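Structure record follows, encoded as structure tokens.
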2 protein chains.
Amino acid sequence: MASSEFDLIERHFCHLTPARNDVILAIGDDCALVTPRASQQVAISTDIMVAGRHFPHDTSPFAIGVKALATNLSDLAAMGAEPAWFTLGLSLPEANEAFLTAFAQGLASVAIPHNIALIGGDTVRGPLMVSITVHGFVPVGQAIRRQGARMGDSIYVSGTLGDAGAGLQLVKGELVVDNDLAAAALVGRLNQPIPRLAIGRSLRGIANAAIDISDGLLADLGHILNASGVGAVVDPALLPLSADLITAVGRERGVQLALSSGDDYELCFTLPPVRESRLSALGRFRIPLTRIGTVVAEPGIHLQQESGIAQVVAPQGFDHFLDNDEMND
Amino acid sequence: MASSEFDLIERHFCHLTPARNDVILAIGDDCALVTPRASQQVAISTDIMVAGRHFPHDTSPFAIGVKALATNLSDLAAMGAEPAWFTLGLSLPEANEAFLTAFAQGLASVAIPHNIALIGGDTVRGPLMVSITVHGFVPVGQAIRRQGARMGDSIYVSGTLGDAGAGLQLVKGELVVDNDLAAAALVGRLNQPIPRLAIGRSLRGIANAAIDISDGLLADLGHILNASGVGAVVDPALLPLSADLITAVGRERGVQLALSSGDDYELCFTLPPVRESRLSALGRFRIPLTRIGTVVAEPGIHLQQESGIAQVVAPQGFDHFLDNDEMND
């Protein structure tokens, strides 16, 4: 643990996140001490976010805090895990009080509703970078992995896709949208992703495979397919697009973003058709779950065209896809 | 988890660390899955190391790997915990194969003897930085905390102190030593710290308080004293100095380094005199354990002078101490 002027800051962070009775000791000693749950496994994920690569340099400190924790929680969601604890590594060019206060508030705004406690941290001087490791519980044998997709499974996604990709183009000045409300909503999807934890947990025993969409649907669905040794047919006409996205870029460009742009942090999952009726219970979360395709034996992702002919996208071919003008014709 | 060209590298790392049957799933999904032990708590610690701050820019990649994991393990040692799993966040300016191979070998050289498995990672392009989160087991209620020191406790340190501080001066060119073997040994202490895990575990039920010495004896003993609401009398004449250190800088300067320089990663701990006889069982580890002083009621660290008069060092006063020429007179 750091022993420095930053100690006070870390203690400050600590009070912003929820108290949990399985946290015996949080910040302030050589290690944190936590009590795991009997007959549950612990799911652990770690991510680094670097300024200028994972978020634009001028992102607000609040949004950096939100995004850093939310994207990690999204990994727990994809496994069907329940959040418990996280550690924070923060590298900052200087001990800027205003930055730290807003960053901590951003973290807390995500930590509190998901009942995840900050249990340890290290804060150093250096280039702006956030490293978070999240821990969650999952009953033994019930984690949803990438490798479980089976031929004939239906493929679903939660929420809407492509919004964060349009948000990034807006932030970069590559896209101009007259409708201010739509533009704000799209940038909000980029800066304040909502981890689909309740949906992820509810998919235990229903989904055969799941992943969160951080790199784009084609890339992340590709990970499921590769891990499972199968392929997929996806119908672009079925992709769920928000009204904001259609307002901003139109349907055709919206579909392209939904297929290829990242940062939406929705879930993509597969399940046997016989279990589809069980998804209706997830309606209480008021997040649309949309069937977008089917798992097939032949490797690769096959895009259904309006003409009825499938366009094949290589499993790792999303970069090719972006260079392919056919979707823009 | 990262989904990038670095995935291969992460899998490469994974094979270099030991297999454990409590690791259900390591790298390659949204989260790792591990099985905690019944009636044990989990100790967790996280640290960030930034090039140019925590290690010189020209440190060898092997040494960076060693140091990054060893310093985290030292936090587990200080709590009396048994290592189990770690996650790795690595920010690198470029995917340099030679760097990665040597760095991974350095990590493995520490991970294998301590039976700690790499369970997850994220590798990004950015300024050179390593962020590691370690996890270990400790039986419920047996963790050794900083806050347990009691008036009358004897204060001990493991190994020898000041070596890494002299090593840092050698690396920086601030110190020149004719004896090449001594110089190499001191730089080795800086670059390849040895976490005192076996000693830490053996101190369960013996030590009232413990910490690892990362910032220097005065600073880290100060953390124990502050957390415990007590003070200490330390006799500088009792500080264990290596023959290499005395060869390099002489006894007087050696004592100053032993008090104030960091990076030795030895343990400092306190125990009631009635338990001192139980330390003899730790002789099997062949690391000297040296009594250096006593816990007293009055706050602060009181240095015993040859004249018999105690010089008082403020609890957080190690910086003052460095500016104080009295030790050099």
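Following the order of the structure tokens, first chain is A, next is B, and so on, with residues numbered from 1 inside each chain and ligands from 1 in the order they appear.
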Exercise for the section: Please identify all polymer residues within 7 Å of stretch 223-230 of chain B, counting only C-alpha atoms, omitting same-chain residues fewer than 5 positions from it, and present them as a VMD selection string. Expected result: chain B and resid 146 to 149 151 209 295 to 299
May I have a table of the residues of stretch 35-134 of chain A lying at most 10 Å from stretch 260-281 of chain A, giving each one's closest pair of atoms and their distance in Å to one decimal, counting only C-alpha atoms, ordered by chain and ascending residue number, as a Markdown table?
| residue | atom | partner | partner_atom | distance |
| --- | --- | --- | --- | --- |
| A:His54 | CA | A:Asp263 | CA | 9.5 |
| A:Lys67 | CA | A:Asp263 | CA | 9.8 |
| A:Ala70 | CA | A:Tyr265 | CA | 8.7 |
| A:Thr71 | CA | A:Tyr265 | CA | 7.0 |
| A:Asn72 | CA | A:Tyr265 | CA | 9.9 |
| A:Leu73 | CA | A:Tyr265 | CA | 9.7 |
| A:Ser74 | CA | A:Tyr265 | CA | 6.4 |
| A:Asp75 | CA | A:Tyr265 | CA | 8.9 |
| A:Ala77 | CA | A:Leu267 | CA | 8.0 |
| A:Ala78 | CA | A:Leu267 | CA | 6.5 |
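The closest residue to A:Leu25, picked from B:Arg145, B:Asn96, B:Pro139, B:Leu245 and counting only C-alpha atoms, is B:Arg145.
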Exercise for the section: Have a look at atom CA of A:Leu259 and atom CA of A:Gly216 and let me know their distance in Å, one decimal. Expected result: 6.2 Å
Practice task
Please run DSSP on the backbone and report, as a PyMOL selection string, all residues within stretch 114-320 of chain B that come out as helix (DSSP H, G or I).
Solution key: chain B and resi 146-148+163-172+180-191+197-202+217-228+236-238+243-260+273-285+318-320
Selection file, C-alpha atoms, as an mmCIF file, in the first residue's frame:
data_model
loop_
_atom_site.group_PDB
_atom_site.id
_atom_site.type_symbol
_atom_site.label_atom_id
_atom_site.label_comp_id
_atom_site.auth_asym_id
_atom_site.auth_seq_id
_atom_site.Cartn_x
_atom_site.Cartn_y
_atom_site.Cartn_z
ATOM 1 C CA ARG B 146 -0.308 -2.736 12.227
ATOM 2 C CA GLN B 147 -2.445 -1.717 15.143
ATOM 3 C CA GLY B 148 -1.555 -4.427 17.640
ATOM 4 C CA ASP B 163 21.224 -2.389 1.531
ATOM 5 C CA ALA B 164 18.627 -1.380 -1.062
ATOM 6 C CA GLY B 165 19.141 2.282 -0.203
ATOM 7 C CA ALA B 166 22.848 1.962 -0.922
ATOM 8 C CA GLY B 167 21.945 0.021 -4.072
ATOM 9 C CA LEU B 168 19.797 2.920 -5.259
ATOM 10 C CA GLN B 169 22.649 5.375 -4.665
ATOM 11 C CA LEU B 170 24.945 3.093 -6.660
ATOM 12 C CA VAL B 171 22.475 2.904 -9.556
ATOM 13 C CA LYS B 172 22.045 6.667 -9.519
ATOM 14 C CA ASP B 180 32.447 -5.017 -7.114
ATOM 15 C CA LEU B 181 30.939 -7.953 -5.251
ATOM 16 C CA ALA B 182 29.595 -5.723 -2.486
ATOM 17 C CA ALA B 183 28.224 -3.267 -5.039
ATOM 18 C CA ALA B 184 26.494 -6.070 -6.964
ATOM 19 C CA ALA B 185 24.977 -7.458 -3.776
ATOM 20 C CA LEU B 186 23.575 -4.056 -2.798
ATOM 21 C CA VAL B 187 22.074 -3.432 -6.247
ATOM 22 C CA GLY B 188 20.646 -6.957 -6.067
ATOM 23 C CA ARG B 189 18.857 -6.051 -2.845
ATOM 24 C CA LEU B 190 17.325 -3.056 -4.670
ATOM 25 C CA ASN B 191 16.270 -4.910 -7.798
ATOM 26 C CA LEU B 197 6.549 -14.838 3.382
ATOM 27 C CA ALA B 198 7.602 -17.841 5.452
ATOM 28 C CA ILE B 199 8.629 -15.594 8.325
ATOM 29 C CA GLY B 200 5.379 -13.635 8.079
ATOM 30 C CA ARG B 201 3.273 -16.782 8.268
ATOM 31 C CA SER B 202 5.320 -18.107 11.172
ATOM 32 C CA LEU B 217 12.440 1.740 9.088
ATOM 33 C CA LEU B 218 11.513 5.046 10.727
ATOM 34 C CA ALA B 219 8.597 5.651 8.366
ATOM 35 C CA ASP B 220 7.232 2.114 8.501
ATOM 36 C CA LEU B 221 7.772 1.543 12.213
ATOM 37 C CA GLY B 222 6.033 4.916 12.526
ATOM 38 C CA HIS B 223 2.974 3.431 10.809
ATOM 39 C CA ILE B 224 2.820 0.632 13.399
ATOM 40 C CA LEU B 225 3.237 3.086 16.260
ATOM 41 C CA ASN B 226 0.637 5.523 14.937
ATOM 42 C CA ALA B 227 -1.867 2.737 14.289
ATOM 43 C CA SER B 228 -1.235 1.330 17.780
ATOM 44 C CA PRO B 236 20.772 2.429 16.227
ATOM 45 C CA ALA B 237 23.712 0.330 17.444
ATOM 46 C CA LEU B 238 21.480 -2.748 17.233
ATOM 47 C CA ALA B 243 28.930 -6.792 5.608
ATOM 48 C CA ASP B 244 28.388 -5.501 2.060
ATOM 49 C CA LEU B 245 26.821 -2.294 3.337
ATOM 50 C CA ILE B 246 29.593 -1.692 5.879
ATOM 51 C CA THR B 247 32.178 -2.353 3.174
ATOM 52 C CA ALA B 248 30.441 0.099 0.859
ATOM 53 C CA VAL B 249 29.633 3.026 3.123
ATOM 54 C CA GLY B 250 30.985 2.314 6.599
ATOM 55 C CA ARG B 251 29.030 1.741 9.765
ATOM 56 C CA GLU B 252 27.904 5.315 10.479
ATOM 57 C CA ARG B 253 26.441 5.992 7.056
ATOM 58 C CA GLY B 254 25.097 2.427 7.051
ATOM 59 C CA VAL B 255 23.071 3.142 10.174
ATOM 60 C CA GLN B 256 21.608 6.238 8.577
ATOM 61 C CA LEU B 257 20.551 4.236 5.509
ATOM 62 C CA ALA B 258 19.142 1.484 7.719
ATOM 63 C CA LEU B 259 16.964 4.024 9.515
ATOM 64 C CA SER B 260 15.785 6.082 6.584
ATOM 65 C CA PRO B 273 9.036 -10.409 25.590
ATOM 66 C CA VAL B 274 7.378 -13.596 26.893
ATOM 67 C CA ARG B 275 7.002 -14.796 23.318
ATOM 68 C CA GLU B 276 10.573 -14.061 22.231
ATOM 69 C CA SER B 277 11.636 -17.645 22.893
ATOM 70 C CA ARG B 278 9.189 -18.767 20.204
ATOM 71 C CA LEU B 279 11.249 -16.927 17.590
ATOM 72 C CA SER B 280 13.945 -19.595 17.817
ATOM 73 C CA ALA B 281 11.752 -21.901 15.722
ATOM 74 C CA LEU B 282 12.098 -19.352 12.902
ATOM 75 C CA GLY B 283 15.840 -19.985 12.796
ATOM 76 C CA ARG B 284 15.148 -22.646 10.192
ATOM 77 C CA PHE B 285 14.593 -19.895 7.625
ATOM 78 C CA PHE B 318 12.035 10.732 8.622
ATOM 79 C CA ASP B 319 12.400 13.550 6.120
ATOM 80 C CA HIS B 320 13.551 15.843 8.898
#
Practice task
DSSP on the backbone, then: every residue of stretch 138-234 of chain A marked strand (DSSP E), written as a PyMOL selection string.
Solution key: chain A and resi 138-139+154-158+209-212+231-234
Completion exercise
In terms of only C-alpha atoms, the residue from B:Ile155, B:Leu33, B:Ala51, B:Ala232 at minimal distance from B:Thr290 is B:Ile155
Fill in the blank from the handout: Computed gap from atom CA of B:His15 to atom CA of A:Ser45 is 18.3 Å
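Computed from the coordinates, the atom CA of B:Ala95 to atom CA of B:Arg125 distance equals 7.8 Å.
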